[in-house]
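One structure is given here, and the rest of the page talks about it.
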Amino acid sequence: GMAGGAPSTTAHFGLRDQQAMAAGGKVGTLFQYAINQPVSVPRQQSAMIPIISSRIEGEKLSVYNASADAKYPMNAIQLKNSTALHLMGGAITVFDGGVYAGDALIEDVVPGDERLISYAMDLAVEVDPRGDYTPDRLVAVKIVNGVMTVRQKVRSSVNYVVKNSAEEAKTLLIEHPVDESAELVEPKKADERTRDHYRFRLTLEPGQTRELLVAEETVRSEEVSLADLDADDAIEFLASGGQISDAMKAAVQKLIDMRGELAALVAQREEKDTQIEEIGEEQGRIRENMKELDRQSELYRKYVDKLTEQEGQLEKLSEELRTTRATEDEKQKALADYVASLSFDK
């Protein structure tokens, strides 16, 4: 690392010797570089002073992140600050075998800490991520006081197919996004984990193709009131599924039957209400017509007979409606009591 401004063309401080001329020290939560040797800088000139002049531990890797590039990984260095000094963040230039390899940015690195630095695309390695999704699978059902709790598990996975076309072996680090609501099931554990990603290592021989399957499972929980008339789909699903006990199946089937009987009564009541309404409308029309007719006319007498007949129909329908409503109330209460009494574990 260097400290200071642009290099001077007139001042020379033995930079070829690559000897550190400063020592580091902590100042509270900050850090400082203390210059150990006097430095003279001519007026209107600047100088670069070596701060750290020692080997730093690191590992060359390829890092794949689908959000950065869907096909190719990046060349990278897993850098560890094995010095006793704080490495200040900034721009760095990377050389590989004495040849310029790329530029990168590095954050501050305290002694003993590590940073992954990517600097150029690795075209020798191709990655093909193939996603898969498994529909919800029922794992648990519980009914307490007529409230059904359904727990379902969904599995999502990505199969990373990796090909190394280089003439040398490669170590690939695959970064997979972390889903806090899901559990990592394959592999059981990542090689590393950051705040946002799992990291999985793959060693690739020259010309080798390998696959890595990363699978996660999410458990979803949903509550449904069995007394809710909109719960038919869930009830029928449970009644036809093989994942619940026979006792629960029988209880739910009885509930479906009771709801069917109640729905039939509701349909009958609504039909009778419609018939009564239609007869009332027709009677109103007949009475309006009768106002314009001679009471001794044949048509007037027909209207009277029609009204008499309709009054008989209305009386019969009203009696049937009262009976239907009473039965509906009984069925509704019986259904509510039955639902409230239901308590089962899968």
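Residues are named by chain letter and number: chains run A, B, ... in the order of the structure tokens, numbers start at 1 in each chain, and ligands are numbered from 1 in the order shown.
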Inset, instruction - Find the residues around A:Gln152 up to 9 Å (only C-alpha atoms counted), leave out those fewer than 6 positions away in its own chain, and share them as an MDAnalysis selection string. - result: chainID A and resid 136:141 218:222
If you keep N, CA and C atoms, can you produce a file of those selected residues as a compact mmCIF listing (two decimals), in the first residue's frame?
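Below you can see part.txt, which holds the result:
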# COMPACT_ATOMS: atom_id res chain seq x y z
N ASP A 136 -46.28 -27.30 -3.94
CA ASP A 136 -46.48 -27.46 -2.50
C ASP A 136 -46.78 -28.91 -2.14
N ARG A 137 -46.19 -29.36 -1.04
CA ARG A 137 -46.43 -30.71 -0.54
C ARG A 137 -46.94 -30.62 0.90
N LEU A 138 -48.08 -31.28 1.15
CA LEU A 138 -48.68 -31.23 2.48
C LEU A 138 -47.81 -31.97 3.48
N VAL A 139 -47.48 -31.32 4.60
CA VAL A 139 -46.64 -31.95 5.61
C VAL A 139 -47.36 -32.08 6.96
N ALA A 140 -48.34 -31.24 7.23
CA ALA A 140 -49.04 -31.33 8.51
C ALA A 140 -50.38 -30.63 8.44
N VAL A 141 -51.38 -31.22 9.10
CA VAL A 141 -52.71 -30.63 9.19
C VAL A 141 -53.16 -30.71 10.65
N THR A 218 -39.09 -24.35 1.83
CA THR A 218 -39.83 -23.36 2.60
C THR A 218 -41.12 -24.00 3.11
N VAL A 219 -41.39 -23.82 4.39
CA VAL A 219 -42.63 -24.33 4.97
C VAL A 219 -43.60 -23.16 5.13
N ARG A 220 -44.77 -23.34 4.51
CA ARG A 220 -45.80 -22.30 4.57
C ARG A 220 -46.96 -22.78 5.43
N SER A 221 -47.46 -21.90 6.26
CA SER A 221 -48.57 -22.23 7.15
C SER A 221 -49.76 -21.35 6.82
N GLU A 222 -50.95 -21.97 6.76
CA GLU A 222 -52.17 -21.22 6.45
C GLU A 222 -53.30 -21.70 7.34
Inset, instruction - Run DSSP on the backbone and give me the residues of stretch 98-287 of chain A it puts in helix (DSSP H, G or I), as an NGL selection string. - result: :A and (229-240 or 246-287)
Using only C-alpha atoms, tabulate the residues of stretch 154-254 of chain A lying at most 10 Å from any atom of stretch 48-71 of chain A, each with its closest atom pair and that distance in Å to one decimal, by chain and increasing residue number, as a Markdown table.
| residue | atom | partner | partner_atom | distance |
| --- | --- | --- | --- | --- |
| A:Val162 | CA | A:Lys71 | CA | 9.6 |
| A:Lys170 | CA | A:Leu61 | CA | 7.1 |
| A:Thr171 | CA | A:Leu61 | CA | 5.4 |
| A:Leu172 | CA | A:Ser62 | CA | 4.7 |
| A:Leu173 | CA | A:Val63 | CA | 4.7 |
| A:Ile174 | CA | A:Tyr64 | CA | 4.8 |
| A:Glu175 | CA | A:Asn65 | CA | 5.2 |
| A:His176 | CA | A:Asn65 | CA | 7.1 |
| A:Pro177 | CA | A:Asn65 | CA | 8.8 |
| A:His197 | CA | A:Asn65 | CA | 9.3 |
| A:Arg199 | CA | A:Val63 | CA | 9.2 |
| A:Phe200 | CA | A:Val63 | CA | 9.8 |
| A:Arg201 | CA | A:Val63 | CA | 9.3 |
| A:Leu202 | CA | A:Ser62 | CA | 9.7 |
| A:Thr203 | CA | A:Leu61 | CA | 9.9 |
For those residues, write C-alpha atoms to a file as a PDB file, in the first residue's frame.
ATOM      1  CA  VAL A 162     -19.946 -25.842 -14.726  1.00  0.00           C
ATOM      2  CA  LYS A 170      -9.659 -23.965 -11.336  1.00  0.00           C
ATOM      3  CA  THR A 171     -11.290 -23.352  -7.991  1.00  0.00           C
ATOM      4  CA  LEU A 172     -14.764 -21.922  -8.480  1.00  0.00           C
ATOM      5  CA  LEU A 173     -16.735 -20.156  -5.775  1.00  0.00           C
ATOM      6  CA  ILE A 174     -20.475 -20.142  -6.542  1.00  0.00           C
ATOM      7  CA  GLU A 175     -22.483 -17.431  -4.804  1.00  0.00           C
ATOM      8  CA  HIS A 176     -26.131 -18.404  -4.279  1.00  0.00           C
ATOM      9  CA  PRO A 177     -28.633 -15.850  -2.871  1.00  0.00           C
ATOM     10  CA  HIS A 197     -25.085 -15.199  -0.232  1.00  0.00           C
ATOM     11  CA  ARG A 199     -20.742 -19.701  -1.122  1.00  0.00           C
ATOM     12  CA  PHE A 200     -19.953 -23.177  -2.464  1.00  0.00           C
ATOM     13  CA  ARG A 201     -16.511 -24.312  -3.638  1.00  0.00           C
ATOM     14  CA  LEU A 202     -15.921 -26.496  -6.678  1.00  0.00           C
ATOM     15  CA  THR A 203     -12.522 -27.778  -7.808  1.00  0.00           C
TER      16      THR A 203
END
Inset, instruction - Name the residues in contact with A:Ala166 at a cut-off of 7 Å, using only C-alpha atoms, excluding same-chain residues fewer than 5 positions from it; report them as a PyMOL selection string. - result: chain A and resi 124+206-207
Write the residues you've just listed into a file as an mmCIF file, in the first residue's frame, and include N, CA, C and O atoms for each of them.
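Writing done, so here's part.cif:
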data_model
loop_
_atom_site.group_PDB
_atom_site.id
_atom_site.type_symbol
_atom_site.label_atom_id
_atom_site.label_comp_id
_atom_site.auth_asym_id
_atom_site.auth_seq_id
_atom_site.Cartn_x
_atom_site.Cartn_y
_atom_site.Cartn_z
ATOM 1 N N ALA A 124 -12.764 -18.687 -19.421
ATOM 2 C CA ALA A 124 -12.410 -20.108 -19.557
ATOM 3 C C ALA A 124 -13.388 -21.010 -18.812
ATOM 4 O O ALA A 124 -13.352 -22.228 -18.962
ATOM 5 N N PRO A 206 -8.650 -29.493 -15.589
ATOM 6 C CA PRO A 206 -8.701 -29.004 -16.968
ATOM 7 C C PRO A 206 -9.689 -29.810 -17.822
ATOM 8 O O PRO A 206 -9.664 -31.042 -17.823
ATOM 9 N N GLY A 207 -10.597 -29.121 -18.515
ATOM 10 C CA GLY A 207 -11.570 -29.773 -19.384
ATOM 11 C C GLY A 207 -12.708 -30.465 -18.653
ATOM 12 O O GLY A 207 -13.547 -31.112 -19.287
#
Legend entry - One-decimal distance in Å that lies between atom CA of A:Glu330 and atom CA of A:Lys254: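 Those two atoms sit 16.3 Å apart.
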Inset, instruction - Could you tell me which of A:Asp329, A:Asp257, A:Asp345, A:Glu320 comes closest to A:Ile244 if we count only C-alpha atoms? - result: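 Among the listed residues, the smallest separation from A:Ile244 belongs to A:Asp345.
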Inset, instruction - Name the closest residue to A:Ala336 among the candidates A:Asp228, A:Glu167, A:Asp103, A:Glu205; distances are taken between atoms, counting only C-alpha atoms. - result: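 The shortest atom-to-atom distance to A:Ala336 comes from A:Asp228.
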Legend entry - Selection near A:Gln268, 12 Å with only C-alpha atoms, sequence-local residues under 4 positions removed, as a VMD selection string: chain A and resid 261 to 264 272 to 275 317 320 to 325 327 to 328
Would you save the residues of that selection, restricted to N, CA and C atoms, as a PDB file, in the first residue's frame?
ATOM      1  N   GLU A 261     -76.059 -30.008   2.620  1.00  0.00           N
ATOM      2  CA  GLU A 261     -77.471 -29.941   3.014  1.00  0.00           C
ATOM      3  C   GLU A 261     -77.894 -28.492   3.283  1.00  0.00           C
ATOM      4  N   LEU A 262     -77.020 -27.743   3.954  1.00  0.00           N
ATOM      5  CA  LEU A 262     -77.336 -26.342   4.239  1.00  0.00           C
ATOM      6  C   LEU A 262     -77.421 -25.532   2.950  1.00  0.00           C
ATOM      7  N   ALA A 263     -76.525 -25.795   2.025  1.00  0.00           N
ATOM      8  CA  ALA A 263     -76.556 -25.070   0.755  1.00  0.00           C
ATOM      9  C   ALA A 263     -77.836 -25.374  -0.017  1.00  0.00           C
ATOM     10  N   ALA A 264     -78.335 -26.634   0.051  1.00  0.00           N
ATOM     11  CA  ALA A 264     -79.586 -26.995  -0.634  1.00  0.00           C
ATOM     12  C   ALA A 264     -80.764 -26.242  -0.025  1.00  0.00           C
ATOM     13  N   LYS A 272     -88.038 -19.898  -3.255  1.00  0.00           N
ATOM     14  CA  LYS A 272     -89.378 -19.531  -2.771  1.00  0.00           C
ATOM     15  C   LYS A 272     -89.501 -18.013  -2.662  1.00  0.00           C
ATOM     16  N   ASP A 273     -88.432 -17.352  -2.214  1.00  0.00           N
ATOM     17  CA  ASP A 273     -88.452 -15.888  -2.165  1.00  0.00           C
ATOM     18  C   ASP A 273     -88.665 -15.303  -3.558  1.00  0.00           C
ATOM     19  N   THR A 274     -88.035 -15.901  -4.541  1.00  0.00           N
ATOM     20  CA  THR A 274     -88.180 -15.424  -5.924  1.00  0.00           C
ATOM     21  C   THR A 274     -89.614 -15.635  -6.416  1.00  0.00           C
ATOM     22  N   GLN A 275     -90.172 -16.811  -6.122  1.00  0.00           N
ATOM     23  CA  GLN A 275     -91.556 -17.088  -6.547  1.00  0.00           C
ATOM     24  C   GLN A 275     -92.545 -16.108  -5.913  1.00  0.00           C
ATOM     25  N   LEU A 317     -96.731 -20.943  -0.244  1.00  0.00           N
ATOM     26  CA  LEU A 317     -95.300 -20.628  -0.329  1.00  0.00           C
ATOM     27  C   LEU A 317     -94.786 -20.002   0.972  1.00  0.00           C
ATOM     28  N   GLU A 320     -94.329 -22.770   3.473  1.00  0.00           N
ATOM     29  CA  GLU A 320     -93.133 -23.542   3.131  1.00  0.00           C
ATOM     30  C   GLU A 320     -91.865 -22.747   3.439  1.00  0.00           C
ATOM     31  N   LEU A 321     -91.903 -21.423   3.188  1.00  0.00           N
ATOM     32  CA  LEU A 321     -90.739 -20.568   3.445  1.00  0.00           C
ATOM     33  C   LEU A 321     -90.415 -20.520   4.930  1.00  0.00           C
ATOM     34  N   ARG A 322     -91.464 -20.428   5.774  1.00  0.00           N
ATOM     35  CA  ARG A 322     -91.232 -20.423   7.214  1.00  0.00           C
ATOM     36  C   ARG A 322     -90.596 -21.744   7.666  1.00  0.00           C
ATOM     37  N   THR A 323     -91.093 -22.849   7.114  1.00  0.00           N
ATOM     38  CA  THR A 323     -90.538 -24.158   7.470  1.00  0.00           C
ATOM     39  C   THR A 323     -89.085 -24.282   7.007  1.00  0.00           C
ATOM     40  N   THR A 324     -88.828 -23.813   5.779  1.00  0.00           N
ATOM     41  CA  THR A 324     -87.464 -23.889   5.228  1.00  0.00           C
ATOM     42  C   THR A 324     -86.500 -23.043   6.050  1.00  0.00           C
ATOM     43  N   ARG A 325     -86.938 -21.841   6.435  1.00  0.00           N
ATOM     44  CA  ARG A 325     -86.071 -20.974   7.218  1.00  0.00           C
ATOM     45  C   ARG A 325     -85.781 -21.581   8.592  1.00  0.00           C
ATOM     46  N   THR A 327     -85.752 -24.770   9.336  1.00  0.00           N
ATOM     47  CA  THR A 327     -84.820 -25.894   9.123  1.00  0.00           C
ATOM     48  C   THR A 327     -83.411 -25.381   8.829  1.00  0.00           C
ATOM     49  N   GLU A 328     -83.338 -24.297   8.040  1.00  0.00           N
ATOM     50  CA  GLU A 328     -82.036 -23.711   7.723  1.00  0.00           C
ATOM     51  C   GLU A 328     -81.337 -23.221   8.982  1.00  0.00           C
TER      52      GLU A 328
END
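What separates atom CA of A:Arg269 from atom CA of A:Glu311 is a distance of 18.9 Å.
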